[in-house]
Amino acid sequence: MVKWWMGVALLALGQAGMAAEPAKPGDLTLERVFASPDLNGTQPQSLRLSPDGRFVTLLRNRADERERFDLWAMDTTSGEWRMLVDSKKVGTGAALSEAEKMQRERDRSLTGKRGILNYDWSPDGKSILVPLDGDLYLATIDGSVRRLTQSESGELNPVVSPAGGYVSFVRDQNLIALDLKSGRETALTTEGRDTVHFGEAEFVAQEEMSRRTGYWWSPGDRMVAVERFDEAPVGIVTRSAIGAEGTTVYQQRYPKAGTANVLVDLYVMRADGSGRVKVDLGSNSDIYLARVDWLPDGSALLVQRQNRAQTQLDMLRVDPATGRSTVLFSERSGEKSWVNLSDAYHAMKDGSLIWWSERDGQGHLYHWKAGKWTQLTKGPWAVGDLAGVDEGKGRVYFLGNKDDPLERQLYRVDLAKPGAVTRLTEAGWSYGASMDAKATRLIVSRSSPDQPPQTFLADTAGKRIAWINQNALTGDHPYAPFVASHRPTKFGTIKAQDGSTLHWNMITPAIEPGKRYPVFFSHYGGPHNQVVRRAWGGALRQYLVDRGWIWFEIDNRGSPDRGKAFEDQIYHAMGSVEVEDQLAGAAFLKTQSFVDPARIATYGWSYGGYMTLKLLEKAPGVFAAGIAGAPVSRWELYDTHYTERYMGDPSIVPDAYAASATVADAAKIADPLLLIHGMADDNVVLEHSTAMMAAMQKSATPFELMLYPGQTHRVGGPGVSEHLWKTILDFLDRQVPAK
């Protein structure tokens, strides 16, 4: 029986779930975990060096409103900070357009945030383009702000052109260029309407390919490459976004696995929209436009074209005058595999490329020049991102896990010395890094299990020059009162059935001899996400440990940065080896003398929610209870680019899809289950959970349910985050009671 009454009872819940033990002085509370100021400390985002290198700019969240961001700048010569744009004083508070809301939803880092969430330096370093509340503003380093647009439609994908002559953006599905000298707007395209869009990235490009825009300026502002897509062939999903004040019905174009994608074309035109030339993308129209870049001298376009099966990626060189394209090289997958996309590449002034590839089975860097390949990095480890390239000195700076699969460190390799890799950062941390265009300085971020993210300015040897955000856990830092109760993270390994090494992390309360503790077994399990890292995990897991839970995670086969053979095991087999490996983690836990084997609860969201359902179906009785948030239930309902990459076409491999689904085996769930979903989710649409609910009801399989009106794939925000976790903890209090 579905426990619908839970919705009423939990809405009235006035205290946090008691979990396993009562609170002690100095322990975290659930209310404090989600309150302002953020317990992680100030968390700057979008850190950049100005074109002249004098200023560091960033978006900083407020102490009194943790999800609102303002634009700040630091003078690197004096260390002086100043707020450049106050989002509350400058912004109008106007509601965002539905298109901009959906773009933010595609970029998970922006979901639920307010204020200034992006900005773009002008090439001369004298001004900064700031989108805010659906309009555009131009700010200067002295703090003055000029409004550029005032329209009801709102502007998408705004940038300052490379030479600084224009601010461009998409409005009403067409590309507009605003001349900064005259203030005059010119529509570069006018045919965008109904299902036709110019200058935007289609749904799967935003959601799955990490491509957020659909137009690209050439150096010198001479030309612009513009994507046109027509979503008429894409099937319509009637999505009811159920909110607190009513229901809005959207006829959403959603390309389910095995169905038609948008039709994509690429054009090159002058800065005023004239002289339009169509790019030759090949005779097969059923392709993905993965990446578009101009060569540094503007003489040609580099276009990455991916086939529908994602087994081949072609690098095209395009003549912008004629649109003619030639294939420079191709990446091809091995058998039962696919080609992963990457942003770790760089076009050099001499026409060569720094290029990331998994052609030897690991993600590594190569130098492509005049048709010849030189491998720059090699070994049983993975390169993650490029931080910068110093072309003058022939040096490449990158992030990778060469020295420890649980850490992402900053490294350097010289083009003249392939294979001679130098680490620039300190062991025991996980790093991120970026450089200015000339690769003269680094902005470095880092964290560890015991230190929330810090950011500093460094020289090219990785030596810290100045703190940007030291974020030390002392004094008035929001987390300082809880440091005394902070528990260390332990790391270890077990073996998978095929002998692969699986990494886990664990946080325990202070163990009392002879006492056994419940486990909060968190998982994701899907590709492209490594959860076990030597990095800051946030206060929520520490709150659970304060309440007497053991926190546990393990990375299964199919997860990234461990080589293609490790990842490829989910090919046409989602819900197989990941489930086996997570169950191996549960079996390991049950051998530990301090673990109560009868009180292990499993939790996951999105792919992790899918994993919860598969775990409960595969192994009844292993877990005391399961929480499935926004779970996929049938992969035929999910989008083309993600699903077909791993599972193939459902019309060709229907048995693989049938084996991966959760709906058919719903009746096998014998352990307590809490199902959670946002009612306006346009990523894992609510249909996934309703299909699961119907199957469980039909088989008289009991479960509990909590739905969130107006919430999307990310259920959270002021009040809502606290309610969500009160719901989860109340469920666990009843199903995994303290002994």
# chains A, B, ... in the order shown; residues from 1 in each chain; ligands from 1

$ closest_atom_pairs --of "stretch 420-503 of chain A" --to "stretch 392-396 of chain A" --cutoff "10 Å" --atoms "only C-alpha atoms" --output "Markdown table"
| residue | atom | partner | partner_atom | distance |
| --- | --- | --- | --- | --- |
| A:Val421 | CA | A:Val396 | CA | 9.9 |
| A:Lys438 | CA | A:Gly392 | CA | 8.7 |
| A:Ala439 | CA | A:Arg395 | CA | 9.1 |

$ write_last_selection --atoms "all heavy atoms" --output "JSON list (two decimals), in the first residue's frame"
[["chain", "number", "residue", "atom", "x", "y", "z"],
["A", 421, "VAL", "N", 56.74, 14.36, -16.79],
["A", 421, "VAL", "CA", 55.66, 15.08, -16.12],
["A", 421, "VAL", "C", 56.11, 15.55, -14.74],
["A", 421, "VAL", "O", 56.68, 14.77, -13.97],
["A", 421, "VAL", "CB", 54.41, 14.18, -16.00],
["A", 421, "VAL", "CG1", 53.33, 14.85, -15.17],
["A", 421, "VAL", "CG2", 53.88, 13.84, -17.38],
["A", 438, "LYS", "N", 47.89, 33.98, -21.48],
["A", 438, "LYS", "CA", 49.31, 33.83, -21.79],
["A", 438, "LYS", "C", 50.01, 32.83, -20.87],
["A", 438, "LYS", "O", 51.22, 32.66, -20.95],
["A", 438, "LYS", "CB", 49.99, 35.19, -21.72],
["A", 438, "LYS", "CG", 49.50, 36.18, -22.77],
["A", 438, "LYS", "CD", 50.24, 37.51, -22.68],
["A", 438, "LYS", "CE", 49.75, 38.48, -23.75],
["A", 438, "LYS", "NZ", 50.45, 39.79, -23.66],
["A", 439, "ALA", "N", 49.24, 32.23, -19.98],
["A", 439, "ALA", "CA", 49.77, 31.21, -19.06],
["A", 439, "ALA", "C", 50.90, 31.76, -18.20],
["A", 439, "ALA", "O", 51.95, 31.12, -18.02],
["A", 439, "ALA", "CB", 50.22, 29.98, -19.83]]

$ closest_atom_pairs --of "stretch 324-424 of chain A" --to "stretch 501-510 of chain A" --cutoff "12 Å" --atoms "only C-alpha atoms" --output "JSON lines"
{"residue": "A:Asp404", "atom": "CA", "partner": "A:His503", "partner_atom": "CA", "distance": 11.3}
{"residue": "A:Pro405", "atom": "CA", "partner": "A:His503", "partner_atom": "CA", "distance": 8.9}
{"residue": "A:Leu406", "atom": "CA", "partner": "A:His503", "partner_atom": "CA", "distance": 8.3}

$ closest_residue --among "A:Ile554, A:Ala461, A:Gly514, A:Gln45" --to "A:Gly492" --atoms "only C-alpha atoms"
A:Ile554

$ closest_residue --among "A:Pro527, A:Gly79, A:Gly538, A:Gly608" --to "A:Arg557" --atoms "only C-alpha atoms"
A:Pro527

$ atom_distance --atom1 "atom CA of A:Glu231" --atom2 "atom CA of A:Gly214"
14.3 Å

$ select_by_dssp --residues "stretch 281-516 of chain A" --states "strand (DSSP E or B)" --output "ChimeraX atom specification"
/A:287-294,301-307,312-318,325-332,346-347,353-357,364-369,372-375,383-390,395-400,409-414,421-423,430-435,442-448,451-458,464-469,489-495,501-507

$ residues_around --residues "A:Arg464" --least-positions-apart "2" --cutoff "10 Å" --atoms "only C-alpha atoms" --output "number ranges by chain"
A: 425, 442-444, 455-462, 466-467

$ write_last_selection --atoms "C-alpha atoms" --output "short mmCIF file (atom, residue, chain, number, x, y, z; two decimals), in the first residue's frame"
data_model
loop_
_atom_site.label_atom_id
_atom_site.label_comp_id
_atom_site.auth_asym_id
_atom_site.auth_seq_id
_atom_site.Cartn_x
_atom_site.Cartn_y
_atom_site.Cartn_z
CA THR A 425 50.89 20.82 -6.16
CA LEU A 442 47.44 30.27 -12.05
CA ILE A 443 44.23 30.48 -10.09
CA VAL A 444 44.30 27.34 -7.97
CA THR A 455 41.61 29.44 -3.59
CA PHE A 456 44.91 31.18 -4.23
CA LEU A 457 46.92 32.93 -6.92
CA ALA A 458 50.09 31.04 -7.89
CA ASP A 459 53.08 31.39 -10.18
CA THR A 460 53.75 28.89 -12.95
CA ALA A 461 55.66 26.66 -10.54
CA GLY A 462 52.51 26.31 -8.44
CA ALA A 466 48.45 35.39 -2.55
CA TRP A 467 45.31 33.95 -1.02
#

$ closest_residue --among "A:Glu580, A:Asp297, A:Asp390, A:Glu202" --to "A:Leu263" --atoms "only C-alpha atoms"
A:Glu202

$ atom_distance --atom1 "atom CA of A:Leu96" --atom2 "atom CA of A:Gly134"
5.5 Å
